[in-house]
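Note: the block below is model.txt and it holds compact mmCIF, C-alpha atoms.
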```txt
# COMPACT_ATOMS: atom_id res chain seq x y z
CA MET A 1 -194.68 107.99 -52.48
CA ALA A 2 -195.53 111.68 -52.86
CA THR A 3 -194.80 112.20 -49.14
CA ILE A 4 -191.33 110.72 -49.64
CA ILE A 5 -190.69 112.98 -52.68
CA GLU A 6 -191.89 115.98 -50.64
CA ALA A 7 -189.37 115.05 -47.92
CA LEU A 8 -186.46 115.23 -50.37
CA PRO A 9 -184.10 118.15 -49.77
CA SER A 10 -184.10 119.11 -53.48
CA GLN A 11 -186.93 121.47 -54.44
CA ARG A 12 -186.12 120.86 -58.10
CA LEU A 13 -186.92 117.17 -57.71
CA GLN A 14 -190.14 117.97 -55.86
CA GLY A 15 -191.21 120.38 -58.60
CA TYR A 16 -190.43 117.81 -61.27
CA PHE A 17 -192.56 115.06 -59.74
CA LEU A 18 -195.31 117.02 -58.01
CA PRO A 19 -197.58 119.34 -60.02
CA GLU A 20 -198.27 122.81 -58.58
CA VAL A 21 -201.92 122.11 -57.79
CA ILE A 22 -201.20 118.84 -55.92
CA SER A 23 -198.25 120.10 -53.90
CA PRO A 24 -200.33 121.83 -51.14
CA PHE A 25 -201.91 118.49 -50.24
CA ILE A 26 -198.71 116.50 -49.87
CA PRO A 27 -197.54 116.37 -46.26
CA ARG A 28 -194.11 117.75 -45.51
CA TRP A 29 -193.18 116.26 -42.18
CA THR A 30 -189.99 118.19 -41.39
CA PHE A 31 -191.17 119.93 -38.21
CA PHE A 32 -188.57 122.29 -36.75
CA ALA A 33 -185.86 120.52 -38.75
CA PRO A 34 -183.16 120.55 -39.86
CA ASN A 35 -182.83 124.10 -38.54
CA PRO A 36 -185.48 125.07 -36.01
CA GLY A 37 -186.93 128.58 -36.04
CA ILE A 38 -184.99 130.43 -33.37
CA HIS A 39 -186.17 133.92 -34.32
CA ASP A 40 -189.22 136.02 -33.64
CA TYR A 41 -190.27 138.18 -36.56
CA HIS A 42 -191.66 141.66 -36.16
CA LEU A 43 -193.47 143.79 -38.71
CA LEU A 44 -193.07 147.56 -38.49
CA TYR A 45 -194.37 150.32 -40.72
CA ARG A 46 -194.14 154.08 -41.07
CA TYR A 47 -195.76 156.84 -43.08
CA GLN A 48 -194.47 159.64 -45.21
CA PHE A 49 -196.55 162.80 -44.98
CA GLN A 50 -197.30 165.61 -47.40
CA GLY A 51 -194.18 167.77 -47.54
CA GLY A 52 -191.87 164.75 -47.27
CA ALA A 53 -191.61 164.31 -43.49
CA VAL A 54 -191.39 160.69 -42.37
CA GLY A 55 -193.06 159.39 -39.19
CA LEU A 56 -191.75 156.97 -36.57
CA TRP A 57 -191.75 153.22 -37.04
CA ARG A 58 -194.73 151.50 -35.42
CA GLN A 59 -194.93 147.80 -34.72
CA VAL A 60 -197.93 145.63 -35.59
CA ALA A 61 -198.10 144.19 -32.08
CA GLN A 62 -200.85 141.63 -32.63
CA LEU A 63 -198.65 139.65 -34.99
CA THR A 64 -196.05 138.76 -32.35
CA ARG A 65 -197.84 138.50 -29.04
CA ARG A 66 -196.86 136.37 -26.09
CA ARG A 67 -199.20 133.41 -25.61
CA THR A 68 -201.79 133.29 -22.85
CA LYS A 69 -201.65 130.58 -20.20
CA TYR A 70 -204.63 128.91 -21.87
CA ALA A 71 -202.73 128.40 -25.15
CA VAL A 72 -202.63 124.65 -24.59
CA LEU A 73 -206.38 124.66 -25.24
CA TRP A 74 -207.02 127.87 -27.15
CA ASN A 75 -204.36 129.58 -29.26
CA PRO A 76 -205.88 131.34 -32.29
CA GLU A 77 -202.90 133.70 -32.61
CA LYS A 78 -200.61 130.88 -33.69
CA ARG A 79 -201.94 131.12 -37.26
CA VAL A 80 -201.01 134.81 -37.71
CA ASN A 81 -197.66 134.27 -35.98
CA LYS A 82 -196.90 131.47 -38.42
CA VAL A 83 -198.08 133.56 -41.40
CA LEU A 84 -195.69 136.37 -40.47
CA THR A 85 -192.82 133.91 -39.96
CA ASP A 86 -193.52 132.24 -43.32
CA LEU A 87 -193.83 135.55 -45.18
CA ALA A 88 -190.69 136.99 -43.61
CA THR A 89 -188.53 133.92 -44.27
CA THR A 90 -189.81 133.60 -47.86
CA LEU A 91 -189.27 137.28 -48.57
CA VAL A 92 -185.74 137.20 -47.20
CA SER A 93 -184.95 134.06 -49.22
CA TYR A 94 -186.10 135.89 -52.38
CA ALA A 95 -184.04 138.93 -51.45
CA ASN A 96 -180.95 136.72 -51.13
CA ILE A 97 -181.28 135.47 -54.70
CA ARG A 98 -179.90 138.07 -57.07
CA GLU A 99 -182.26 137.27 -59.96
CA GLU A 100 -185.30 137.40 -57.67
CA ASN A 101 -184.21 140.62 -55.98
CA ALA A 102 -185.23 142.84 -58.90
CA LEU A 103 -188.69 141.34 -58.89
CA ILE A 104 -189.19 141.28 -55.15
CA GLN A 105 -191.81 144.03 -55.21
CA VAL A 106 -194.08 141.84 -57.29
CA SER A 107 -193.54 138.74 -55.11
CA ILE A 108 -196.58 137.46 -53.23
CA PRO A 109 -195.13 137.89 -49.69
CA TYR A 110 -194.20 141.52 -50.48
CA ILE A 111 -197.65 142.32 -51.89
CA LEU A 112 -199.41 140.56 -48.99
CA ILE A 113 -197.51 142.63 -46.44
CA ILE A 114 -197.83 145.96 -48.25
CA ASN A 115 -201.54 145.26 -48.82
CA TYR A 116 -201.95 144.54 -45.09
CA VAL A 117 -200.12 147.60 -43.74
CA SER A 118 -201.75 149.86 -46.34
CA ASN A 119 -205.15 148.90 -44.95
CA LEU A 120 -204.30 149.72 -41.33
CA PRO A 121 -205.91 152.92 -39.97
CA ARG A 122 -203.62 155.74 -41.11
CA PRO A 123 -202.96 159.22 -39.79
CA TRP A 124 -204.28 162.31 -41.55
CA GLY A 125 -201.93 163.70 -44.15
CA SER A 126 -200.05 160.48 -44.81
CA ILE A 127 -199.40 159.81 -48.48
CA LYS A 128 -196.93 156.93 -48.54
CA ILE A 129 -196.19 153.84 -46.47
CA GLN A 130 -193.12 151.70 -45.94
CA PHE A 131 -192.67 148.45 -44.02
CA LEU A 132 -189.75 146.83 -42.29
CA LEU A 133 -189.16 143.28 -41.09
CA MET A 134 -187.04 142.69 -38.04
CA ARG A 135 -186.00 139.51 -36.35
CA ARG A 136 -185.02 138.92 -32.76
CA GLN A 137 -183.02 136.05 -31.35
CA ALA A 138 -183.21 135.62 -27.60
CA ILE A 139 -180.26 133.22 -27.44
CA ALA A 140 -177.85 135.79 -28.89
CA GLY A 141 -179.75 138.78 -27.54
CA SER A 142 -179.70 140.20 -31.04
CA GLU A 143 -182.17 142.19 -33.08
CA GLU A 144 -181.61 142.77 -36.74
CA VAL A 145 -183.43 144.46 -39.60
CA ILE A 146 -183.81 141.89 -42.36
CA PHE A 147 -185.85 143.76 -44.92
CA VAL A 148 -186.94 147.32 -45.68
CA SER A 149 -189.48 147.97 -48.39
CA SER A 150 -189.71 150.92 -50.72
CA LEU A 151 -192.15 153.74 -50.00
CA HIS A 152 -195.52 153.07 -51.61
CA SER A 153 -198.29 155.52 -52.35
CA ILE A 154 -201.47 155.00 -50.31
CA LEU A 155 -203.60 157.70 -51.86
CA MET B 1 -211.73 92.35 -38.44
CA THR B 2 -214.62 94.55 -39.53
CA TYR B 3 -215.53 95.26 -35.92
CA ASP B 4 -211.98 96.27 -35.06
CA SER B 5 -211.56 98.55 -38.08
CA GLU B 6 -214.86 100.26 -37.26
CA ILE B 7 -213.70 100.97 -33.71
CA ALA B 8 -210.41 102.37 -35.00
CA LEU B 9 -212.12 104.58 -37.61
CA ARG B 10 -214.61 105.94 -35.10
CA ALA B 11 -211.90 106.62 -32.53
CA ILE B 12 -209.92 108.56 -35.16
CA ALA B 13 -213.02 110.53 -36.17
CA LEU B 14 -213.87 111.36 -32.57
CA ILE B 15 -210.43 112.74 -31.69
CA ALA B 16 -209.89 114.43 -35.07
CA GLY B 17 -213.41 115.88 -35.00
CA ILE B 18 -212.71 117.53 -31.64
CA GLY B 19 -209.35 118.78 -32.92
CA VAL B 20 -210.74 120.35 -36.10
CA SER B 21 -213.64 121.87 -34.11
CA ILE B 22 -211.13 123.75 -31.94
CA SER B 23 -208.94 124.63 -34.91
CA GLY B 24 -212.02 125.80 -36.85
CA LEU B 25 -213.16 128.00 -33.97
CA GLU B 26 -209.67 129.48 -33.74
CA ASP B 27 -209.74 130.33 -37.47
CA LEU B 28 -213.16 131.94 -37.09
CA ALA B 29 -211.78 133.98 -34.18
CA MET B 30 -209.02 135.28 -36.51
CA LEU B 31 -211.32 135.77 -39.51
CA LYS B 32 -209.89 139.21 -40.34
CA CYS B 33 -206.61 137.56 -41.25
CA PHE B 34 -208.35 135.88 -44.22
CA SER B 35 -210.07 139.08 -45.46
CA ASP B 36 -208.95 141.00 -48.55
CA GLN B 37 -207.12 143.41 -46.23
CA GLY B 38 -205.55 140.63 -44.15
CA LEU B 39 -202.20 138.87 -44.40
CA LEU B 40 -203.92 135.90 -46.07
CA SER B 41 -205.82 137.95 -48.66
CA TRP B 42 -207.08 135.72 -51.45
CA GLU B 43 -207.03 138.65 -53.89
CA VAL B 44 -203.24 138.64 -53.51
CA ASN B 45 -202.62 134.94 -52.89
CA ARG B 46 -204.49 133.88 -56.02
CA LEU B 47 -201.79 135.55 -58.14
CA GLU B 48 -199.31 132.93 -56.98
CA ASN B 49 -200.67 130.05 -59.05
CA ARG B 50 -201.50 129.59 -62.70
CA TRP B 51 -204.61 127.55 -61.93
CA SER B 52 -206.10 130.34 -59.80
CA THR B 53 -205.46 133.18 -62.23
CA LEU B 54 -206.28 131.69 -65.65
CA GLY B 55 -208.86 129.33 -67.08
CA PRO B 56 -212.32 128.09 -66.13
CA LEU B 57 -211.11 126.46 -62.88
CA SER B 58 -209.99 129.87 -61.63
CA THR B 59 -213.48 131.36 -62.11
CA LEU B 60 -215.09 128.54 -60.12
CA MET B 61 -212.46 128.45 -57.39
CA ASN B 62 -212.39 132.23 -57.01
CA ARG B 63 -216.08 132.18 -56.16
CA LEU B 64 -215.55 129.52 -53.51
CA ILE B 65 -212.32 130.83 -52.06
CA SER B 66 -213.02 134.58 -52.10
CA PHE B 67 -213.47 135.96 -48.59
CA ARG B 68 -217.22 136.46 -49.10
CA CYS B 69 -217.70 132.71 -49.53
CA PHE B 70 -214.72 131.50 -47.55
CA ARG B 71 -216.22 132.69 -44.24
CA PHE B 72 -218.97 130.13 -44.75
CA VAL B 73 -216.46 127.47 -45.77
CA LEU B 74 -214.69 127.97 -42.42
CA LEU B 75 -218.01 127.89 -40.58
CA ALA B 76 -219.06 124.70 -42.40
CA ARG B 77 -215.69 123.14 -41.53
CA MET B 78 -216.07 123.86 -37.85
CA LEU B 79 -219.73 122.76 -37.64
CA SER B 80 -219.13 119.57 -39.63
CA ALA B 81 -216.20 118.67 -37.40
CA VAL B 82 -218.41 119.12 -34.31
CA LEU B 83 -221.00 116.81 -35.89
CA VAL B 84 -218.34 114.25 -36.86
CA ALA B 85 -217.12 114.11 -33.26
CA ALA B 86 -220.68 113.86 -31.95
CA VAL B 87 -221.72 111.15 -34.42
CA ALA B 88 -218.50 109.15 -33.98
CA SER B 89 -219.20 108.70 -30.30
CA VAL B 90 -222.62 107.12 -30.89
CA SER B 91 -222.93 105.59 -34.37
CA SER B 92 -221.22 105.00 -37.71
CA LEU B 93 -219.89 107.94 -39.66
CA ASN B 94 -221.54 109.94 -42.42
CA PRO B 95 -219.35 110.28 -45.56
CA THR B 96 -220.91 113.66 -46.46
CA LEU B 97 -219.83 115.19 -43.16
CA LEU B 98 -216.36 113.72 -43.57
CA PHE B 99 -216.15 115.13 -47.08
CA VAL B 100 -217.14 118.62 -45.92
CA VAL B 101 -214.36 118.62 -43.31
CA PHE B 102 -211.83 117.26 -45.80
CA ALA B 103 -212.83 119.57 -48.68
CA SER B 104 -212.93 122.69 -46.49
CA SER B 105 -209.51 121.83 -45.05
CA ALA B 106 -208.23 121.29 -48.60
CA ILE B 107 -209.58 124.73 -49.60
CA LEU B 108 -207.63 126.21 -46.69
CA SER B 109 -204.48 124.60 -48.15
CA LEU B 110 -205.26 125.81 -51.66
CA ARG B 111 -206.01 129.35 -50.51
CA SER B 112 -202.53 130.06 -49.18
CA ARG B 113 -199.38 128.13 -48.45
CA TYR B 114 -198.50 130.54 -45.65
CA GLY B 115 -199.46 129.93 -42.03
CA LEU B 116 -200.21 126.21 -42.24
CA ASP B 117 -198.57 123.68 -39.97
CA GLY B 118 -198.04 119.93 -39.56
CA ALA B 119 -201.29 119.51 -37.67
CA HIS B 120 -203.20 120.85 -40.68
CA GLN B 121 -201.41 118.33 -42.90
CA MET B 122 -202.45 115.57 -40.53
CA TRP B 123 -206.10 116.75 -40.62
CA LEU B 124 -205.98 116.37 -44.41
CA VAL B 125 -204.54 112.85 -44.14
CA LEU B 126 -207.09 111.82 -41.51
CA PHE B 127 -210.23 113.26 -43.06
CA GLY B 128 -209.25 112.33 -46.63
CA SER B 129 -208.73 108.74 -45.48
CA LEU B 130 -211.88 108.68 -43.35
CA PHE B 131 -213.95 109.97 -46.26
CA LEU B 132 -212.57 107.43 -48.74
CA ALA B 133 -213.09 104.65 -46.20
CA HIS B 134 -216.72 105.57 -45.64
CA ILE B 135 -217.83 105.77 -49.25
CA ARG B 136 -217.40 101.97 -49.17
CA PRO B 137 -219.56 99.66 -47.03
CA PRO B 138 -218.37 98.23 -43.68
CA GLY B 139 -216.03 95.31 -44.14
CA ASP B 140 -214.70 96.65 -47.45
CA ILE B 141 -210.96 96.51 -48.01
CA ALA B 142 -211.01 100.33 -48.48
CA ARG B 143 -211.55 100.76 -44.75
CA VAL B 144 -208.52 98.65 -43.91
CA ALA B 145 -206.49 100.43 -46.60
CA ALA B 146 -207.45 103.82 -45.11
CA LEU B 147 -206.22 102.71 -41.69
CA TRP B 148 -202.96 101.46 -43.16
CA PHE B 149 -202.49 104.74 -45.04
CA ILE B 150 -202.99 106.76 -41.84
CA ALA B 151 -200.64 104.48 -39.89
CA ILE B 152 -197.89 104.69 -42.53
CA GLN B 153 -198.22 108.49 -42.74
CA THR B 154 -197.90 108.66 -38.95
CA GLY B 155 -194.76 106.54 -39.01
CA LEU B 156 -193.34 108.63 -41.86
CA SER B 157 -194.15 111.89 -40.09
CA TYR B 158 -192.11 110.99 -37.04
CA PHE B 159 -189.30 109.37 -39.00
CA VAL B 160 -188.86 112.27 -41.48
CA ALA B 161 -188.93 114.83 -38.65
CA GLY B 162 -186.42 112.79 -36.62
CA ALA B 163 -184.12 112.05 -39.57
CA TYR B 164 -183.98 115.74 -40.56
CA LYS B 165 -183.07 116.65 -36.97
CA THR B 166 -180.19 114.18 -36.90
CA VAL B 167 -178.42 116.02 -39.75
CA SER B 168 -178.58 119.30 -37.85
CA ARG B 169 -175.76 120.30 -35.53
CA SER B 170 -178.08 122.60 -33.57
CA TRP B 171 -180.23 119.61 -32.57
CA TRP B 172 -177.20 117.60 -31.43
CA ASN B 173 -175.69 120.36 -29.30
CA GLY B 174 -179.00 121.51 -27.81
CA GLN B 175 -178.71 125.06 -29.17
CA GLY B 176 -181.70 124.54 -31.48
CA LEU B 177 -183.98 123.66 -28.58
CA ILE B 178 -182.68 126.60 -26.54
CA GLY B 179 -183.26 128.89 -29.53
CA VAL B 180 -186.85 127.74 -29.99
CA LEU B 181 -187.60 128.07 -26.26
CA GLY B 182 -186.23 131.63 -26.37
CA THR B 183 -188.75 132.82 -28.95
CA ILE B 184 -191.99 134.62 -28.15
CA THR B 185 -193.85 132.67 -30.81
CA TYR B 186 -193.01 129.12 -29.69
CA GLY B 187 -190.94 129.65 -26.57
CA ASN B 188 -191.33 129.36 -22.85
CA ASN B 189 -189.53 131.82 -20.62
CA THR B 190 -189.21 129.54 -17.58
CA LEU B 191 -187.84 126.61 -19.56
CA TYR B 192 -185.59 128.93 -21.56
CA LYS B 193 -183.97 130.16 -18.34
CA LEU B 194 -183.63 126.58 -17.10
CA VAL B 195 -181.93 125.22 -20.24
CA THR B 196 -179.65 128.21 -20.73
CA GLY B 197 -178.27 127.52 -17.26
CA HIS B 198 -178.07 123.76 -17.81
CA LEU B 199 -176.94 122.96 -21.35
CA LEU B 200 -176.90 119.23 -20.55
CA ILE B 201 -180.69 119.27 -20.03
CA ALA B 202 -181.16 120.91 -23.45
CA ARG B 203 -178.94 118.27 -25.06
CA LEU B 204 -180.66 115.37 -23.33
CA VAL B 205 -184.14 116.61 -24.31
CA SER B 206 -183.00 117.19 -27.93
CA TRP B 207 -181.52 113.69 -28.12
CA ALA B 208 -184.63 112.18 -26.53
CA ILE B 209 -186.81 113.86 -29.18
CA MET B 210 -184.57 112.56 -31.99
CA VAL B 211 -184.48 109.03 -30.55
CA PHE B 212 -188.27 108.98 -30.10
CA GLU B 213 -189.01 110.31 -33.59
CA CYS B 214 -186.49 108.09 -35.37
CA SER B 215 -187.53 104.95 -33.50
CA PHE B 216 -191.30 105.37 -33.75
CA TRP B 217 -191.39 103.08 -36.80
CA PHE B 218 -190.32 100.20 -34.52
CA VAL B 219 -194.03 99.91 -33.66
CA PHE B 220 -194.52 98.38 -37.12
CA VAL B 221 -191.66 95.89 -37.03
CA GLY B 222 -190.91 95.29 -33.38
CA ASP B 223 -192.62 93.36 -30.61
CA THR B 224 -196.25 94.46 -30.20
CA ARG B 225 -195.59 94.95 -26.48
CA ILE B 226 -193.65 98.14 -27.24
CA VAL B 227 -196.68 99.70 -28.98
CA PRO B 228 -198.49 101.01 -25.87
CA PHE B 229 -195.13 102.32 -24.58
CA MET B 230 -194.34 104.19 -27.83
CA LEU B 231 -197.84 105.62 -28.12
CA ALA B 232 -197.73 106.77 -24.50
CA LEU B 233 -194.40 108.44 -25.25
CA GLY B 234 -196.03 110.08 -28.28
CA VAL B 235 -198.86 111.47 -26.18
CA ILE B 236 -196.40 112.76 -23.56
CA PHE B 237 -194.35 114.36 -26.35
CA HIS B 238 -197.37 116.16 -27.83
CA VAL B 239 -198.63 117.26 -24.41
CA GLY B 240 -195.16 118.69 -23.77
CA VAL B 241 -195.13 120.48 -27.12
CA ALA B 242 -198.60 121.92 -26.49
CA LEU B 243 -197.69 123.11 -23.00
CA THR B 244 -194.30 124.59 -23.84
CA MET B 245 -194.84 125.80 -27.43
CA GLY B 246 -198.59 126.46 -27.56
CA LEU B 247 -199.03 124.07 -30.51
CA ASN B 248 -202.36 122.84 -29.22
CA ASP B 249 -203.56 121.39 -32.53
CA PHE B 250 -200.68 118.88 -32.59
CA LEU B 251 -201.96 117.55 -29.28
CA LEU B 252 -204.99 116.01 -30.99
CA ALA B 253 -203.88 115.77 -34.65
CA PHE B 254 -201.18 113.15 -34.13
CA PRO B 255 -202.70 111.08 -31.30
CA ALA B 256 -205.86 110.99 -33.46
CA ALA B 257 -203.91 108.75 -35.84
CA TYR B 258 -202.84 106.32 -33.12
CA PRO B 259 -205.96 104.10 -33.35
CA ALA B 260 -204.89 103.36 -36.94
CA VAL B 261 -201.39 102.44 -35.74
CA VAL B 262 -202.87 100.19 -33.05
CA TYR B 263 -205.15 98.51 -35.58
CA CYS B 264 -202.39 97.91 -38.12
CA VAL B 265 -199.75 96.63 -35.73
CA SER B 266 -202.18 94.43 -33.86
CA GLY B 267 -202.57 92.19 -36.93
CA SER B 268 -204.59 89.47 -35.32
CA GLY B 269 -205.97 91.99 -32.89
CA ILE B 270 -203.69 91.25 -29.92
CA VAL B 271 -203.26 94.89 -28.91
CA LEU B 272 -206.94 95.82 -29.38
CA SER B 273 -207.98 92.80 -27.34
CA ALA B 274 -205.62 93.84 -24.57
CA ILE B 275 -207.02 97.37 -24.60
CA ARG B 276 -210.60 96.12 -24.60
CA GLY B 277 -209.80 93.65 -21.84
CA SER B 278 -208.23 96.25 -19.55
```
In C-alpha cells, how does this file's structure come out?
Amino acid sequence: MATIIEALPSQRLQGYFLPEVISPFIPRWTFFAPNPGIHDYHLLYRYQFQGGAVGLWRQVAQLTRRRTKYAVLWNPEKRVNKVLTDLATTLVSYANIREENALIQVSIPYILIINYVSNLPRPWGSIKIQFLLMRRQAIAGSEEVIFVSSLHSIL
Amino acid sequence: MTYDSEIALRAIALIAGIGVSISGLEDLAMLKCFSDQGLLSWEVNRLENRWSTLGPLSTLMNRLISFRCFRFVLLARMLSAVLVAAVASVSSLNPTLLFVVFASSAILSLRSRYGLDGAHQMWLVLFGSLFLAHIRPPGDIARVAALWFIAIQTGLSYFVAGAYKTVSRSWWNGQGLIGVLGTITYGNNTLYKLVTGHLLIARLVSWAIMVFECSFWFVFVGDTRIVPFMLALGVIFHVGVALTMGLNDFLLAFPAAYPAVVYCVSGSGIVLSAIRGS
C-alpha cells in the first residue's frame, strides 16, 4: 500500500500518509520516468584571495567521470555521480520556488556542497570560496550554468 | 510446498548476496564520500530530519551513523552479504546475517536520501523479506508471505516505471532515450551516435521498454508458459541497462527477485517442476 502511495504524483499526499522516518524505506519505482535525466551535472568552484582577486573556476572532475569498460561489473563512481545529480536537481528546484529561495543557503544540498568544496585542498592566500553548478545536454549540445553560490569564508 | 519455497528463498539470497557484496565493496571503495568532508556528510545530512536532530533517538542514531561508526557498518554489510551468498549455496539461511544486511542497508537509506537508486530499494525489499521469513521455522506461512511480497513488489516496480514512462512525450518520441544515452553519467557514446542517426531505432527501443515494463504483471494473471519468456526478457533488459548505462547493481537486484515470481506464479509448482526437470 505504501509503495502505491509513494508512486502517487502528489508529494502532499505522500507526506500526509507516510511519516518522515518511514519514507526512506518505501520503494519509489519510477526509474528514469516520466522525464529521464538527460543532463550531466558539473560542480565547479573558485577562490577569492586576500586583496579581493578572484581565481579561475576549477571543476571537481571525479564527480562526473566517464565510466570504465568494466563498469558492468565494477562501477563505484555511480554513487557519487548520482549524489551530485540529486543535489543539483534538488537545489535548483528549491531555487525555483520563491519562498525557498531566501533560505537556500541553509538548505541541506547547499550546505553539503559548500562543506565539500571548502574541504578540498586550497591554495595559499585564499580566504573565500564559491561554487557553481553547470549542466550539459549532449542532445542539444548545450551547457548552462544553473546555480551560483555566494562567496563563503573559509578561514 | 515447503521444499519449493526454500529453494526460492535460497536462490534469492544467493543472487542478492552476491549483488550486495559487490555494491558493498563499491561503497567501501568510495568511503571518502561518506566522511564528514564528503558529499554525504552525516554532520550535514542529520540536520534534514527532526528525528536525527532532537530527542533520545537522535543520540543513539548519531553514534551509529556518524562516519566513525558507519565505516564499520558498511564493512559489516559487505561481509554479511558475502556470507549470505556463501551459506545460501550450501545450507539454510541464518536470520542474524540477513538482519545485518537489511539493517545496514536501512542505515544507508536513513543516512542520506541522496545518491540512492532503485537497486538499493530492491535490496531493502529482498533482505527485509528474507529476514522476516527466516525468523519463522521452515514451512511457516511467513515464508510464503515473504515470497509473495517480493513478487508483488517486483511486479509493481516494473508496472510503475512503465506507467510513468507512458505519460511522458519524451519516451514516446525516443528523445528521452537519446538524451540519456548522450550523458556521461549514464550514456554510451557508440549507441548515442547510432540512435541520433536513426530516430526510428530510438523510438522502437523506447516503446519496447514501455511494453515490457507495463506488461510484466501478465506473469501473475496470464498463462504460466509466458513466465520463462518474460523473465528472460527481464534479464536481457537488465543486462542491456548494465552494459549501456553502467547500472551494474540492477543486473542482480531485480533478477534476484525472479525466484519469488516463479514460486508465486507456479501455484501448484508447474514452473518449478519444469525448471527442475530441464
Just checking: using all atoms listed in the file, which residue out of B:Leu156, B:Ile18, B:Leu108, B:Ile184 ends up closest to A:Leu63? B:Ile184
Sorted per-residue table, chain B near chain A, closest atoms and distance, 7 Å, all atoms listed in the file, as a Markdown table:
```
| residue | atom | partner | partner_atom | distance |
| --- | --- | --- | --- | --- |
| B:Glu26 | CA | A:Pro76 | CA | 4.5 |
| B:Asp27 | CA | A:Pro76 | CA | 6.5 |
| B:Ala29 | CA | A:Pro76 | CA | 6.7 |
| B:Met30 | CA | A:Pro76 | CA | 6.6 |
| B:Gln37 | CA | A:Tyr116 | CA | 5.4 |
| B:Gly38 | CA | A:Tyr116 | CA | 5.4 |
| B:Leu39 | CA | A:Leu112 | CA | 5.6 |
| B:Ser41 | CA | A:Leu112 | CA | 6.9 |
| B:Val44 | CA | A:Leu112 | CA | 6.2 |
| B:Asn45 | CA | A:Ile108 | CA | 6.6 |
| B:Glu48 | CA | A:Ile108 | CA | 6.5 |
| B:Ser109 | CA | A:Pro24 | CA | 5.8 |
| B:Leu110 | CA | A:Pro24 | CA | 6.4 |
| B:Arg113 | CA | A:Pro24 | CA | 6.9 |
| B:Tyr114 | CA | A:Val83 | CA | 5.2 |
| B:Gly115 | CA | A:Val83 | CA | 3.9 |
| B:Gly118 | CA | A:Trp29 | CA | 6.6 |
| B:Gln121 | CA | A:Pro27 | CA | 5.5 |
| B:Ser157 | CA | A:Trp29 | CA | 4.9 |
| B:Val160 | CA | A:Trp29 | CA | 5.9 |
| B:Ala161 | CA | A:Thr30 | CA | 4.5 |
| B:Tyr164 | CA | A:Pro34 | CA | 4.9 |
| B:Lys165 | CA | A:Pro34 | CA | 4.9 |
| B:Val167 | CA | A:Pro34 | CA | 6.6 |
| B:Ser168 | CA | A:Pro34 | CA | 5.2 |
| B:Gly176 | CA | A:Pro36 | CA | 5.9 |
| B:Gly179 | CA | A:Ile38 | CA | 4.5 |
| B:Val180 | CA | A:Ile38 | CA | 4.7 |
| B:Gly182 | CA | A:Ala138 | CA | 5.2 |
| B:Thr183 | CA | A:Asp40 | CA | 5.7 |
| B:Ile184 | CA | A:Arg66 | CA | 5.6 |
| B:Thr185 | CA | A:Asp40 | CA | 6.4 |
| B:Ala242 | CA | A:Val72 | CA | 5.2 |
| B:Leu243 | CA | A:Val72 | CA | 5.4 |
| B:Gly246 | CA | A:Ala71 | CA | 5.2 |
| B:Leu247 | CA | A:Val72 | CA | 7.0 |
| B:Asn248 | CA | A:Val72 | CA | 5.0 |
```
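A straight line drawn from atom CA of A:Arg46 to atom CA of A:Leu133 is 11.9 Å long.
Distance check against B:Leu31 using only C-alpha atoms: of B:Ile135, B:Ile12, B:Ile7, B:Leu74, the minimum falls on B:Leu74.
Comparing B:Trp42, B:Tyr158, B:Ala85, B:Gly234 by their smallest distance to B:Ser112, the closest is B:Trp42 (using all atoms listed in the file).
Atom CA of A:Trp124 to atom CA of A:Ala53 spans 13.0 Å [interatomic distance, one decimal].
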